[in-house]
Amino acid sequence: ADDGLGVRVVLAALCGGGDAGVRRPLAIVLCVMLFQQFSGINAVIFYSGPLLASAGMANGDLGGVLVMTVQVLATGLALVLMDRLGRRPLLAGSLCGMAAAAALLALHFLLEPPPFVALVALFLYIAAFSLGLGPVPWLLMPELLPTRARGAAAALATVLNWSCSFLVTETFAGLVARIGAAGAFFGFALVCAVGAAFVAAAVPETKGLRLDEVEALFRAGTAVAAPSSRDE
């Protein structure tokens, strides 16, 4: 019965109905999931081998190990920083770093600068993603979504995330064939920049807030209010 109620609440929110305590957090969670996948993370992973080779790293296995090492270390650092800096600064900073890195990758394909530029851009992108846009959306999901709709809303967000991941992976080669790698990465940079603006305008800081306090912010229409000063 509770699952059925959650589905009905989510469907009402998707149709623009229901209360703001469900509709607004659901919209934020879905948008953040979209930004996560359309930021181009799968494309960067796909191109990591050629990028490392262009930077003079002939050993592809070593390059893969370095990429994964950067990802693991940055994710571990994110786990520490999320409760110190908050979710919102990490998410916005991550998207800004990814926008800069994606623009550098676009310039790499467009202007063919010194090979180390590609290496720096690749590691910056992976580190920025792992610090914020990688882990934070999955943490925000249970912190933003109200209990009565969390199961159905989380399922919807997860399906959307993986569907977009599949879409980006399947269409990236065709996109590059049409507009070139530089155009594709400039597009990813634009998505990340828009994502950073969205986070600044719409995503609340949930650090230090109880679930009922987060829901009260949405009901009051002040979802980007400062977090509680209560000590953890």
# chains A, B, ... in the order shown; residues from 1 in each chain; ligands from 1
$ residues_around --residues "A:Arg210" --least-positions-apart "3" --cutoff "10 Å" --atoms "only C-alpha atoms" --output "list of chain:residue names"
A:Glu143, A:Leu144, A:Thr206, A:Lys207, A:Glu213, A:Val214, A:Glu215, A:Ala216, A:Ser228
$ write_last_selection --atoms "N, CA, C and O atoms" --output "tab-separated table (two decimals), in the first residue's frame"
chain	number	residue	atom	x	y	z
A	143	GLU	N	18.33	12.51	0.79
A	143	GLU	CA	18.25	13.68	1.67
A	143	GLU	C	17.18	14.66	1.23
A	143	GLU	O	16.62	15.39	2.06
A	144	LEU	N	16.89	14.71	-0.07
A	144	LEU	CA	15.89	15.65	-0.58
A	144	LEU	C	14.49	15.07	-0.67
A	144	LEU	O	13.51	15.76	-0.41
A	206	THR	N	21.93	20.51	2.22
A	206	THR	CA	21.26	19.62	3.16
A	206	THR	C	22.13	19.26	4.36
A	206	THR	O	21.65	18.59	5.28
A	207	LYS	N	23.37	19.69	4.36
A	207	LYS	CA	24.26	19.37	5.48
A	207	LYS	C	23.70	19.96	6.78
A	207	LYS	O	23.41	21.14	6.87
A	213	GLU	N	13.13	19.28	8.13
A	213	GLU	CA	13.59	20.65	7.87
A	213	GLU	C	13.76	20.89	6.38
A	213	GLU	O	13.44	21.97	5.88
A	214	VAL	N	14.29	19.89	5.67
A	214	VAL	CA	14.45	20.01	4.22
A	214	VAL	C	13.08	20.15	3.56
A	214	VAL	O	12.86	21.02	2.70
A	215	GLU	N	12.12	19.32	3.98
A	215	GLU	CA	10.79	19.39	3.39
A	215	GLU	C	10.12	20.73	3.70
A	215	GLU	O	9.43	21.29	2.86
A	216	ALA	N	10.37	21.25	4.88
A	216	ALA	CA	9.79	22.54	5.25
A	216	ALA	C	10.33	23.66	4.36
A	216	ALA	O	9.60	24.60	4.01
A	228	SER	N	21.19	24.61	8.58
A	228	SER	CA	21.08	24.82	10.01
A	228	SER	C	22.45	24.99	10.63
A	228	SER	O	23.43	24.38	10.20
$ residues_around --residues "stretch 116-133 of chain A" --least-positions-apart "4" --cutoff "6 Å" --atoms "only C-alpha atoms" --output "count of residues only"
13
$ closest_atom_pairs --of "stretch 98-208 of chain A" --to "stretch 39-48 of chain A" --cutoff "6 Å" --atoms "only C-alpha atoms" --output "Markdown table"
| residue | atom | partner | partner_atom | distance |
| --- | --- | --- | --- | --- |
| A:Phe188 | CA | A:Ser39 | CA | 5.1 |
| A:Val191 | CA | A:Ser39 | CA | 5.8 |
| A:Cys192 | CA | A:Ser39 | CA | 5.6 |
$ select_by_dssp --residues "chain A" --states "helix (DSSP H, G or I)" --output "count of residues only"
190
$ closest_residue --among "A:Gly183, A:Gly64, A:Gly76, A:Gly174" --to "A:Leu105" --atoms "only C-alpha atoms"
A:Gly183
$ atom_distance --atom1 "atom CA of A:Ala92" --atom2 "atom CA of A:Gly180"
27.7 Å
$ closest_residue --among "A:Ala220, A:Leu139, A:Ala155, A:Ala100" --to "A:Gly187" --atoms "only C-alpha atoms"
A:Ala100
$ residues_around --residues "A:Ala181" --least-positions-apart "3" --cutoff "8 Å" --atoms "only C-alpha atoms" --output "compact mmCIF listing (two decimals) with N, CA, C and O atoms, in the first residue's frame"
# COMPACT_ATOMS: atom_id res chain seq x y z
N ALA A 106 38.31 20.14 -25.56
CA ALA A 106 37.86 20.63 -26.87
C ALA A 106 38.98 21.37 -27.59
O ALA A 106 39.21 21.17 -28.79
N PHE A 109 41.49 19.03 -29.16
CA PHE A 109 41.11 18.49 -30.47
C PHE A 109 41.10 19.57 -31.55
O PHE A 109 41.32 19.27 -32.73
N VAL A 176 30.27 12.82 -32.60
CA VAL A 176 31.61 13.21 -33.01
C VAL A 176 31.72 13.23 -34.53
O VAL A 176 32.35 14.11 -35.12
N ALA A 177 31.10 12.25 -35.18
CA ALA A 177 31.14 12.20 -36.64
C ALA A 177 30.45 13.42 -37.26
O ALA A 177 30.86 13.91 -38.33
N ALA A 184 31.83 18.35 -29.67
CA ALA A 184 31.18 17.53 -28.64
C ALA A 184 31.63 17.95 -27.25
O ALA A 184 30.82 18.10 -26.34
N PHE A 185 32.93 18.18 -27.08
CA PHE A 185 33.43 18.54 -25.75
C PHE A 185 33.09 19.98 -25.38
O PHE A 185 32.90 20.28 -24.20
$ closest_residue --among "A:Ala103, A:Ala196, A:Leu211, A:Met82" --to "A:Pro146" --atoms "only C-alpha atoms"
A:Leu211
$ closest_atom_pairs --of "stretch 124-224 of chain A" --to "stretch 22-34 of chain A" --cutoff "8 Å" --atoms "only C-alpha atoms" --output "Markdown table"
| residue | atom | partner | partner_atom | distance |
| --- | --- | --- | --- | --- |
| A:Pro137 | CA | A:Val32 | CA | 6.4 |
| A:Leu140 | CA | A:Val29 | CA | 7.4 |
| A:Met141 | CA | A:Val29 | CA | 6.1 |
| A:Leu144 | CA | A:Pro25 | CA | 5.7 |
| A:Leu145 | CA | A:Pro25 | CA | 5.9 |
| A:Pro146 | CA | A:Val22 | CA | 6.5 |
| A:Ala149 | CA | A:Val22 | CA | 7.3 |
| A:Ala153 | CA | A:Leu26 | CA | 6.8 |
| A:Ala157 | CA | A:Leu30 | CA | 5.7 |
| A:Leu160 | CA | A:Met33 | CA | 7.3 |
| A:Asn161 | CA | A:Met33 | CA | 5.5 |
| A:Cys164 | CA | A:Leu34 | CA | 7.1 |
| A:Gly195 | CA | A:Val32 | CA | 7.7 |
| A:Ala202 | CA | A:Ile28 | CA | 7.2 |
| A:Val203 | CA | A:Ile28 | CA | 6.7 |
| A:Phe218 | CA | A:Arg24 | CA | 6.8 |
$ write_last_selection --atoms "all heavy atoms" --output "CSV table (one decimal), in the first residue's frame"
chain,number,residue,atom,x,y,z
A,137,PRO,N,25.0,13.4,-6.2
A,137,PRO,CA,23.6,13.2,-6.6
A,137,PRO,C,23.0,12.0,-5.9
A,137,PRO,O,21.8,12.0,-5.5
A,137,PRO,CB,23.7,13.0,-8.1
A,137,PRO,CG,24.9,13.8,-8.5
A,137,PRO,CD,25.9,13.6,-7.4
A,140,LEU,N,22.3,13.2,-2.3
A,140,LEU,CA,21.2,14.1,-2.3
A,140,LEU,C,19.8,13.5,-2.4
A,140,LEU,O,18.8,13.9,-1.9
A,140,LEU,CB,21.3,15.2,-3.4
A,140,LEU,CG,22.3,16.3,-3.2
A,140,LEU,CD1,22.3,17.2,-4.5
A,140,LEU,CD2,21.9,17.1,-2.0
A,141,MET,N,19.8,12.4,-3.2
A,141,MET,CA,18.5,11.7,-3.5
A,141,MET,C,17.7,11.4,-2.2
A,141,MET,O,16.6,11.8,-2.0
A,141,MET,CB,18.7,10.5,-4.3
A,141,MET,CG,17.4,9.9,-4.9
A,141,MET,SD,17.8,8.8,-6.3
A,141,MET,CE,19.0,7.7,-5.7
A,144,LEU,N,16.9,14.7,-0.1
A,144,LEU,CA,15.9,15.7,-0.6
A,144,LEU,C,14.5,15.1,-0.7
A,144,LEU,O,13.5,15.8,-0.4
A,144,LEU,CB,16.3,16.1,-2.0
A,144,LEU,CG,17.5,17.1,-2.1
A,144,LEU,CD1,17.8,17.5,-3.5
A,144,LEU,CD2,17.4,18.3,-1.2
A,145,LEU,N,14.4,13.8,-1.0
A,145,LEU,CA,13.1,13.2,-1.3
A,145,LEU,C,12.4,12.9,0.0
A,145,LEU,O,13.0,12.2,0.9
A,145,LEU,CB,13.3,12.0,-2.2
A,145,LEU,CG,13.8,12.2,-3.6
A,145,LEU,CD1,14.1,10.9,-4.2
A,145,LEU,CD2,12.9,13.0,-4.4
A,146,PRO,N,11.1,13.2,0.1
A,146,PRO,CA,10.4,12.9,1.3
A,146,PRO,C,10.1,11.4,1.4
A,146,PRO,O,10.0,10.7,0.4
A,146,PRO,CB,9.0,13.7,1.2
A,146,PRO,CG,8.9,13.9,-0.3
A,146,PRO,CD,10.3,14.0,-0.8
A,149,ALA,N,7.4,9.4,-0.7
A,149,ALA,CA,7.6,9.2,-2.1
A,149,ALA,C,9.0,8.7,-2.5
A,149,ALA,O,9.3,8.5,-3.7
A,149,ALA,CB,7.3,10.5,-2.9
A,153,ALA,N,10.3,7.6,-6.2
A,153,ALA,CA,11.1,8.7,-6.8
A,153,ALA,C,12.5,8.3,-7.1
A,153,ALA,O,13.1,8.6,-8.1
A,153,ALA,CB,11.0,9.9,-5.9
A,157,ALA,N,14.5,8.1,-10.6
A,157,ALA,CA,15.8,8.8,-10.8
A,157,ALA,C,16.9,7.9,-11.3
A,157,ALA,O,17.7,8.2,-12.2
A,157,ALA,CB,16.2,9.5,-9.6
A,160,LEU,N,16.2,6.9,-14.9
A,160,LEU,CA,16.6,8.0,-15.8
A,160,LEU,C,18.1,8.1,-16.0
A,160,LEU,O,18.6,8.3,-17.1
A,160,LEU,CB,16.0,9.3,-15.2
A,160,LEU,CG,16.4,10.6,-16.0
A,160,LEU,CD1,15.7,10.6,-17.3
A,160,LEU,CD2,16.0,11.8,-15.2
A,161,ASN,N,18.8,8.0,-14.8
A,161,ASN,CA,20.3,8.1,-14.9
A,161,ASN,C,20.9,7.0,-15.8
A,161,ASN,O,21.7,7.4,-16.7
A,161,ASN,CB,20.8,7.9,-13.5
A,161,ASN,CG,22.3,8.1,-13.4
A,161,ASN,OD1,23.1,7.2,-13.7
A,161,ASN,ND2,22.7,9.2,-12.9
A,164,CYS,N,20.0,7.6,-19.6
A,164,CYS,CA,20.8,8.7,-20.1
A,164,CYS,C,22.2,8.2,-20.4
A,164,CYS,O,22.9,8.6,-21.4
A,164,CYS,CB,20.8,9.9,-19.3
A,164,CYS,SG,19.2,10.7,-19.2
A,195,GLY,N,24.8,23.4,-15.6
A,195,GLY,CA,24.6,22.6,-14.4
A,195,GLY,C,25.0,23.4,-13.1
A,195,GLY,O,24.4,23.4,-12.1
A,202,ALA,N,19.1,26.5,-7.5
A,202,ALA,CA,18.0,25.6,-7.1
A,202,ALA,C,18.3,24.5,-6.1
A,202,ALA,O,17.4,24.0,-5.5
A,202,ALA,CB,17.4,25.0,-8.4
A,203,VAL,N,19.5,24.1,-6.0
A,203,VAL,CA,19.8,23.0,-5.1
A,203,VAL,C,20.1,23.5,-3.7
A,203,VAL,O,21.0,24.3,-3.5
A,203,VAL,CB,21.0,22.2,-5.7
A,203,VAL,CG1,21.4,21.0,-4.7
A,203,VAL,CG2,20.7,21.6,-7.0
A,218,PHE,N,11.2,23.4,1.2
A,218,PHE,CA,10.5,23.3,-0.1
A,218,PHE,C,9.1,23.8,0.0
A,218,PHE,O,8.6,24.5,-0.9
A,218,PHE,CB,10.5,21.8,-0.6
A,218,PHE,CG,11.8,21.4,-1.1
A,218,PHE,CD1,12.6,20.4,-0.5
A,218,PHE,CD2,12.4,22.0,-2.3
A,218,PHE,CE1,13.8,20.0,-1.0
A,218,PHE,CE2,13.6,21.6,-2.8
A,218,PHE,CZ,14.3,20.6,-2.1
$ atom_distance --atom1 "atom CA of A:Val80" --atom2 "atom CA of A:Gly93"
15.4 Å
$ atom_distance --atom1 "atom CA of A:Leu111" --atom2 "atom CA of A:Ala193"
21.8 Å
$ closest_residue --among "A:Gly134, A:Phe38, A:Ala201, A:Ile179" --to "A:Val72" --atoms "only C-alpha atoms"
A:Gly134
